Structures are given as C-alpha cells and as structure tokens.
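Read the structure below first, then the notes.
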2 protein chains.
Amino acid sequence: MVQLRIALAQINPTVGDLEGNCGAIADYARRAADDGAHLAVFPEMAVTGYSVEDLALRNGFVAASIEAVHRLAERLAADGLGRLPVVVGFLDRRVGGSAPFGQPAGAPQNALALLHGGAVRLVSAKHHLPNYGVFDEFRYFVPGDTLPVVRLHGADIAFAVCEDLWQDGGPVAAVRAARAGMLITLNGSPYERGKGGVRLDLCRRRARETGAAIGYVNMTGGQDDLVFEGDSLVVDAHGELVSRAPRFEESLHTTDIELPEGPDEADLPGEAGGFRIVRHTVGGRPGAPAPARAPVLTPCPDPLNDTGEVYRALVAAVRDHVHKNGFASVAVGADGGAGAALTAAIAADAVGADRVHALVMPGPGAREEALNAAEKAAAAQGLAVRVRSVQGLVDAYGAAVGSSSDAAALGAQARGGLVAALSRQEGHLVLATGDKTALAIGAAALHGDHAGAFAPLRDCWRTLVEDLARWRNARAASEGAPDPVPAECLTPDGVPAAVDGGAADAAADADPRVLDALLEAYIGTDKGVHDLAADGFAPGLVRRAVRLVDRAEHRRRAYPPGPKITKRALGRDRRLPITSRWG
Amino acid sequence: MVQLRIALAQINPTVGDLEGNCGAIADYARRAADDGAHLAVFPEMAVTGYSVEDLALRNGFVAASIEAVHRLAERLAADGLGRLPVVVGFLDRRVGGSAPFGQPAGAPQNALALLHGGAVRLVSAKHHLPNYGVFDEFRYFVPGDTLPVVRLHGADIAFAVCEDLWQDGGPVAAVRAARAGMLITLNGSPYERGKGGVRLDLCRRRARETGAAIGYVNMTGGQDDLVFEGDSLVVDAHGELVSRAPRFEESLHTTDIELPEGPDEADLPGEAGGFRIVRHTVGGRPGAPAPARAPVLTPCPDPLNDTGEVYRALVAAVRDHVHKNGFASVAVGADGGAGAALTAAIAADAVGADRVHALVMPGPGAREEALNAAEKAAAAQGLAVRVRSVQGLVDAYGAAVGSSSDAAALGAQARGGLVAALSRQEGHLVLATGDKTALAIGAAALHGDHAGAFAPLRDCWRTLVEDLARWRNARAASEGAPDPVPAECLTPDGVPAAVDGGAADAAADADPRVLDALLEAYIGTDKGVHDLAADGFAPGLVRRAVRLVDRAEHRRRAYPPGPKITKRALGRDRRLPITSRWG
C-alpha cells in the first residue's frame, strides 16, 4: 500500500478573472505543499470560474484560458512548487478545434490539466455534458473521450469532471478496468436543497462500482444565480465516508489515505469502455510517508431540516454578487416585513452590518407598527439605518400623475425610487426584497418597493422566508443577541402587499401557507388545475392563483436575478406553467 | 405529373395558448379549403407556439398538446374540412416516453402530425436539434428518427422540421432515396439581420441535392425576445424560386405546383440513411386540377439595406409582446432623444398612436430644446401626449436623499418613476428606451429614464437607432407626413446621457459611430483588446470602453428583455466578454 496525503482545494473562483483565479490556485498549492500533500486538486473550471456561458464560444477567451494554465504551471515551478502535482479544471479546446455545424464553434471543452515540474503533463475533457436544470453544457462544450490516470508514487489515481460521476457509463465506468486505486472528480456542482445527501450516496455507490476510493472536490461561493456549496469529500474503496469539508466556505481539505500499488504497467489496458486511457507517472515511491492525521469530518446537515443551509447559501450568494460585481455595500428598503428584514440580515452576514444601508420610509402605505418593526430590526442587526419620509415624493407623484387615489401604491414606488436614488449617490447595490410567492403571483413589482438589482429571496417561498427568519433568530438567541427579524415582522398577516394592480385578489384572502403549498404543487411539481382541486385546494383559489401566475410572466422575466436553490426556480429564461390557457 | 395547390399557413401562434392556436389553425384550414388547396401546412410547434422552453418538460403540457392535436383533427372534420390534409407542428413525446439520465425528462419531441379524415394519420419528430444562438433544443427535446412521406393524389411529399433542413445529413438527406417529389419543412425560424438571403440559398441548394421541390413555411410575429419573420416560400426541383410570402405578417401563402407521380410502391425503400420512412396515402388522383394561378412572389429586401426589415421586426416584437401579455396600450418617457422618439414610433405602428402614452417631463436634466423636440415628435406621431414636470419629484428626492448635487440624475430617475406610476394607474406596459450601446457600457439604468418592462431597442446600436429613425422619416415623407423622429432628436450629440455613475468617461468624448464600431468589433466579433488597438481604435478608448462593458454586466442582467435581431444580442442569460480581466 502507498500512504498519500491528498489536498482538495475548495476555492471560490470568479468567472473571467483568470489572473485572480490562478493567484488563488497558487496560494492554495503553496498551502498544500506546506501541509505535506502529495497532490492538490482544484474544482472544475477553477481557472475560468463557472459557468462561463457564451464566453466558451469566444476563441480569445479559450486561448487566454489555455495560456493561463501554461503560465500557472511555470509559476508554480518558479515558486518552488514544481514537485507538487496540481490538477486544475480549465477551458480547453479539442485538438483540431473544429466541430460540425450545430456543435459549439471552436470545439471548446470542459477540461482538466495535470501541472507538474513547470509544465502541463496531461489534459483530459469532461465526457458527459449536463444540459438540464441550471446546466446548458451541450451549448458550450464538445465531449471528451479519454480517462486520465496518474501513477503517483506508485498508486494509480484516475480523474474525471463532475457530471461524469453522476451519469452511468462514460469514463467513470472505465475506472474499474483501468484498475485505479482512487478516482478524483473536479466539480462545479451548484447548491440545491437536499443535494448533500444525494451526493454522498452517489460517491459511495461509485466507490463500490469502481473498486476505487473517491475524492470529490467542489467549488464554493456565489456566481450570478448559482451558489456552490463546497462539501468536498473522500470515501474509501468500500464506500465509507473518510472526510468531509465544511460547506459554503473556502477550505484546503487534506485527507490521508492508503491506496494499493498500481499493477505492472504491462498488465494495464490502453482502452476501456470506449475511452482511451491516458497515463502519466509522477515520482517513484514516496520518500517518507507523511505522519497520518485524523481526517476532517464535517457533519452534513439533516436534509429534512436544512433551513440553516439555505440561509448560508443565500449569504454566500449575496456576498459574492456584491464583491464580484465591484460593490462594497448594499441598500435595502426596510418596510417592516419579514422579507425586507431577512434580506437585510442576510446582507449583514454577507458584507458586514455597517455596509448595509437600511432605509425606513414613513408615508402612505406604511403602517406605524410596521415602521416600528423595521426600526427594531435594523437596530437589532446594527445596520446603518436612516429614516426618510416618502410623503413629499408621494405628493409630488400624485400631483404629476394627477391622482391621489392610489397613495399606497405611490408610496411603495417612492420607497423603491428613494432606495435607488440614495444607492446611486453612495454607490450601493440595491437588494430587491421580493420573494418567490410574490414573484409567482405578480406582486413583486418592477418599480415598487421590491425593486432592485439582485433579489436574494427570488427562489424562497414566503413560508420559507419566515422559516429562515426564525432560524436566524434562534441563532441570535443562542448568541445572546436580539432577534434580527423581530416577531413584529413575522406577524402572519398575509402575503406581501400587492403593489401593482391585479395581484391582490387571490392573495388577499388566502392563508399564506395554503397559497405557498398550492404554488409549490403547481410550479414545483407537474400538477395541473384538476390535480390541484383533487388535492383539496379550493377550486376558486386554484383558478385565481393559476390565472395570476399566468399573467405575471412578463413581470417575472423583467424582475432582477437571484440565487436558485430549487429545481424549479422562477428563472427569467425558463417558462412557467401557463395552465390558465391549457389546463 | 400531378397539379397540386399547396397552402403554407404563415400564422402567429402564442406560446401556451393551445385553444387560440388551434382556433387559428382551423380558420386558416378553412381559408385553404375555400381556396381549393390540396394540402395546408402550418409552422413548427404551431399548436403550442415557439419556444415553449421548460414547458416541454411538464408532462401535463405535453399531454395537453397531444390531446389538442387529436381534438383539432376531429374539429376539422366536424367543420367539413376532413378531406383537406393538414400538417401541423406540435409538442409530442417519444413512444415509451422515457429518456436516459441527462436527456429531457418524459422524452418530449418537436413533432409534426398529418390530420386527415378526423384523425391523426402520421406523426414524425425533428431529428436535428439546434442548440446555439437563441436555441436550446437539446435541453427540451429528444431527436426523431423517421422521414414521413405522404402520397397526395399520386405525388409524394416528404416533411421535415426546421433545423433538419439546415444541417447536412439527417432525414433531408434521405429524401432523394425516398424519391419524393417535394419536401415541405415546418419552421419556427427567428428573424436575424440578413437571414432572408441565406434561407433562400439553402432552399435552392436542398432542392438540387434532393431532386425535390421545397416548400418552407415559417411562423410570424413576436414571442418574448424572438421575432419570426414569415418569409415562407416555394422553390422548384431545379432550385428556382417559385413563390415567396410577405414578411412579418400573417398570410395564407398558396402556390400551384406540378409534381411527378410517385413511383410504384413496391419500388420504394422502407429506410434510407438510417431513417425509417413512414408513409400515408391521401386520395386517389385529384378530381379536376385547380385552375392554375400566378404565384405570389414577394420581393426580398436587399440584405445590405435592411433597415426597413429591422424596423418591421421591432414593430412585430412590440405589438405581440403587448398583446400576448394582456396589455392594450404602452407608455414611453419622451426625452427628446432618438431612442425615445423611435421607440414611440415603433409602438405607434404596433398598437396605434392613440394607445401610446408619451410623457414629456420638464425638469432637471432636460434641455429646453430636447423637450421641444420630444413634443414635436409626439405631435408628428399623433400620440396621446402629456407634459408633466418632474421638478417637484426631484425636489422631493433631493430632500429625502439629502443632496441636490446630482439633480440631473434625480431628474432621470423621476422620469422613469413617473412613467411607471402613470402606467400602473392606467394599465400601460412601460417600454424601456435603452439601446444596445447604452446597455453595453452601462448607461441604461435600471431605475433611470431608460427603465421599463420591455426594451424594443435592446439589440440595436445607437447608430442603428439613428438609421432606423431616418428610414421611418423617409417613409413618412413618402406619405406626406411629418418626421416621426424630427431632426432635432437626431442631433449627433453623443451617446445617451449617463444616468448612473461611472458610465460617462468613455462615452462622453467618443464619437458615437466610433464607439459603436468599437463595441461591435468587441462584442459582435471575437476581437480582444490587442486586436482592437491594431484595428486603429485609440488604445485609451479601447481600455476604457472594455472596462465599462465589464463593469456593466450586473446591469445588463437586471435590465428588461427585448427582441434579439443579431447573433450577439446582449442577452441576460449569455455572458459577455469580460476582457478587462483577461485580454
């Protein structure tokens, strides 16, 4: 057996920032070397960030990615790290570089490279290209057809990229025939509620199928509407969990593992299951084995009680959306509702309370108690809070529009406008506070008090918003701190106020939990009008809710983006059911 | 030879409106029968509209589409149209209905059906699934593997769907072996500048390759960010253009054509090129041939002088976005710029001038001459125009924000807010007036005077906006009408005002034509910073423009959708170059 120390570098790359990402890789490689690791592995597309989307179709960007990987190999050697094998994900192109009509121009590939001794020693590309949910990889990549195996100090380690682990067949199915002792996959696997358990089960199953230990390294952090959770892990060849990294934070996850010595090279196949096996050898037998250490084994949350994980995902999404887009601070309109208070709490945890600018805005449409609740929340969170009346704005709007009949709606709009005006002046990113329920039924208005540039709660039902608030309050209580979302904000007085005509009727008289259950059944599953009625929802409510969902489509498409945490996010590019026309 | 009258029904379906679409199909089938047609063919996905996006993954919707096609066949027979063969595009599922992991759930297919005698007689699915540009069909469909051939009164007509005509191989390549006299393709082919010429060239080439006449039926109208141009046509077996339908309008395009009699059935192959040939026979020899008529042959625009075609595409996009989303009217902030005046002119042509509500809004940031130009434009267009000062709003914003230093920016924001407030009250859809140049460099602000829910000029460079305005003025002049975009709006005084911090520096001192050329080279092609400098653009301008484009990404993603008219639209879901990080 060969005793190895494997470092899985769970980093947070930024799409397009080749220099910054390669800098992070060099830093983590240094840490891995200092820690005595025999190998450092980085996530899928660590060099470019994920998802690069149509950048993959730009030859200049592909060339820059390839160039960056070669410069990185040289830099690692120049930094004295040339003896540490480093495996990174990057954007490559297929040799030849052409693809038939209908395949991505330039034949880009989602690839991995082994860097060692100052050079790129081995390259291989992802075979299975996911094209469902948040993935569109058939659009961006052409598939690879090799299985890379590195003989590292006598033990054989195979590598693959993300989806290749999830789908049957492909290079992973060839690992057993290749007789590798370990398989390490590079991942850019977005968070989704409850996915953690599925991921571990998959790794255990693949270990038993391949007869190899499995290493799984995933990126972490937020990028646009995706959040990556990390959760890197190692299971042994029997499928037993050996180590597991923390989630939603950067981590150099180092694990000691014993692997069998590789067979005589003469006994090894050159091909298996249609995949050409490409090999490279690093070092002889290792000098002195690293003194073995107890593995890090971060407990995984209970998938049935994952509220805290959702919260952490939203914090990561906000933090990285703010920073990766060059902002240092955010602004939120604090209306006393659970959505606004929770958004502010998430933002405070993401960028620091002193960088969250809350505006409490008295005036038409705002109840005294709600304003008090908003102030109480802002004080509890330690936000930079200001109180500014919108009465003057409402009067001015009313005078200009020539009506004062919808003062509450004008108040909502004035609040959205005031937050935007202040943010433009002071350079904040405006967080929109609309939630999934409001978005579904059309109550999240483009120009109202839910306006903004990034919507952290976009994929959270109103009931989940309340659950998240209670979870965050409980954490505050355990720290002796006051409730960041005071009970006054949580009063279950219905769904968010309808600020733009037409959304009120189905919402106003429905219990929020019933409405959310109905919307989840309708949008989150495949249920139609008749199924919903059969499930016991009042037919009148079903009819009205479905009609609202249908009518709100243009609003959803115009509403700002936010992190996806479910399979059925109300994406701006993914059409919703429009059952009122066919159900 | 067999003399046939073929009706290509160039209709404008609405996504999800199965009942409305089937109603339109029944209407057009009636008109075809009344016109003596032997066959009526409708576009790709005519029953469901295109693109259905993730609706394809909802079993309930697939079932509703299949059911709708069967009901349509019965309805046609009940309406006395059972003897007319009708071919429609619809959403089907593969028999068996399952697909491997990684393929679309439920195995949906982009299919066609032959309806005759009250029943569905033949079904076949699209083989080549486009997955580039505006298409994502690998996400939604599984491919078909048959070539349908209908013996119609003795002549053999093959059918295929859209992309099957564009890609080599596939069912179209099997048409020659199947010895069909004609191939008719059903299309949902979006408009793109200059595509008309390419389409005709393709049809001519396929005619020569297959030895068959080609019929091409395309949908028309706007759907979300796509515009379909129609341009249905027929070429004979020698590749000569026989007839061509008008563009951007619904049309029953009927063409008389002589086709060879089909060979003895015993001589026909059951398979060709890997495609199973599925056959159906309709009628014997036709009774009396219809009296032959001269074909409709609409001239196609010069692709090098296509400004009028772009204009018509934008009119169709606005008309259908308004109506398909349940609105009857629009509102536009008239700031005296070319973008706003052109947007209003497009809207007036789309929904009628009396349904376009223009607001002229004096106050900070608006020059007297610009306001006069805006009023002149609105008067020339016959809009419902109102003048409302934003001074009160700016004062109120200034008082609430605690600053009067950025009065112009507050004025811009107040204008956006006022249009929104008025529209909410009166039920208009707000048209955003930002153009591609403003969007590229970050000058189209989410909360400013370019705000709105649909952005007609989203994919039009500032220079194209001016060209479109001049084209529309020329048309008005030819009708003896005043300029809808008066010369005062066209003063080339630079790119749109930067209303949100940071966008001004590169824009302010650059000639708009130079800036647009630079942005087109950078975004529309694959040029990087060094290429642009080599092309003669001032290195300082290149650097600043590229940095602005990079920094504006979060704004582009949050900006409302608009019609795509180029391959490199600034889509919200397609990442732009971010060269300042790697170029």
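Within each chain, counting starts at residue 1; across the structure tokens, chains are named A, B, ... in the order shown, with ligands numbered 1 upward in that order.
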Sel. of strand (DSSP E or B) residues, region 324-431 of chain B, as a list of chain:residue names:
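DSSP on the backbone gives strand (DSSP E or B) at B:Val330, B:Ala331, B:Val332, B:Gly333, B:Ala334, B:Val356, B:His357, B:Ala358, B:Leu359, B:Val360, B:Ala384, B:Val385, B:Arg386, B:Val387, B:Leu429, B:Val430, B:Leu431.
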Report as a short mmCIF file (atom, residue, chain, number, x, y, z; two decimals) with all heavy atoms, in the first residue's frame all protein, DNA and RNA residues lying within 9 Å of Glu520 (chain A), evaluated on only C-alpha atoms, omitting residues in the same chain fewer than 5 positions from it.
```
data_model
loop_
_atom_site.label_atom_id
_atom_site.label_comp_id
_atom_site.auth_asym_id
_atom_site.auth_seq_id
_atom_site.Cartn_x
_atom_site.Cartn_y
_atom_site.Cartn_z
N TRP A 461 -40.08 30.64 -1.17
CA TRP A 461 -41.49 30.90 -0.88
C TRP A 461 -41.60 31.75 0.37
O TRP A 461 -40.73 31.70 1.25
CB TRP A 461 -42.26 29.59 -0.67
CG TRP A 461 -42.33 28.70 -1.86
CD1 TRP A 461 -41.85 27.43 -1.95
CD2 TRP A 461 -42.93 28.98 -3.13
NE1 TRP A 461 -42.10 26.91 -3.19
CE2 TRP A 461 -42.77 27.83 -3.94
CE3 TRP A 461 -43.59 30.08 -3.66
CZ2 TRP A 461 -43.24 27.76 -5.25
CZ3 TRP A 461 -44.06 30.02 -4.97
CH2 TRP A 461 -43.88 28.87 -5.74
N LEU A 515 -51.51 29.09 0.21
CA LEU A 515 -51.12 29.62 -1.09
C LEU A 515 -49.76 29.06 -1.53
O LEU A 515 -49.58 28.63 -2.67
CB LEU A 515 -51.07 31.15 -1.04
CG LEU A 515 -50.71 31.85 -2.36
CD1 LEU A 515 -51.74 31.54 -3.44
CD2 LEU A 515 -50.60 33.35 -2.16
N THR A 525 -44.03 21.02 -8.94
CA THR A 525 -44.28 19.68 -9.48
C THR A 525 -45.07 19.86 -10.77
O THR A 525 -45.14 20.95 -11.31
CB THR A 525 -45.07 18.82 -8.48
OG1 THR A 525 -46.39 19.36 -8.35
CG2 THR A 525 -44.40 18.84 -7.11
#
```
Kindly determine which residues of chain B lie within 7 Å of chain A, considering only C-alpha atoms, and give the answer as number ranges by chain.
B: 16-18, 52-55, 58-60, 64, 101-102, 130-132, 139, 167, 325, 388-389, 392-393, 396-397, 400-401, 410, 418, 420-422, 424, 447, 453, 500-501, 526, 528, 551, 554, 558, 560-561, 574-578, 581-582
Grab the CA of Asp145 (chain A) to CA of Gly270 (chain A) distance for me, in Å with one decimal place.
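Calculated distance between CA of Asp145 (chain A) and CA of Gly270 (chain A) is 12.7 Å.
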Work out how far CA of Thr437 (chain A) is from CA of Leu532 (chain A), in Å to one decimal.
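That distance, rounded to one decimal, is 17.1 Å.
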Excluding region 273-285 of chain A and residues on its chain fewer than 6 positions from it, collect all residues at most 12 Å away from it, counting only C-alpha atoms, and give them as a ChimeraX atom specification.
/A:1-4,38-39,82-86,113-117,120-127,143-160,168-180,261-262,265
Which residue of A:Gly80, A:Gly230, A:Gly215, A:Pro362 approaches Ile11 (chain A) most closely, using only C-alpha atoms
A:Gly230
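Take CA of Asn12 (chain A) and CA of Met219 (chain A): the distance between them is 5.7 Å.
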Contacts of Pro456 (chain A) at 8 Å or less, counting only C-alpha atoms, minus same-chain residues fewer than 5 places along, as a PyMOL selection string?
chain A and resi 314+317-318+343+431-433+562-563
Residues near region 477-491 of chain B, anyone? I mean within 12 Å using only C-alpha atoms, not counting same-chain ones fewer than 5 positions away, as an MDAnalysis selection string.
chainID B and resid 334:349 353 367:383 462:472 496 512
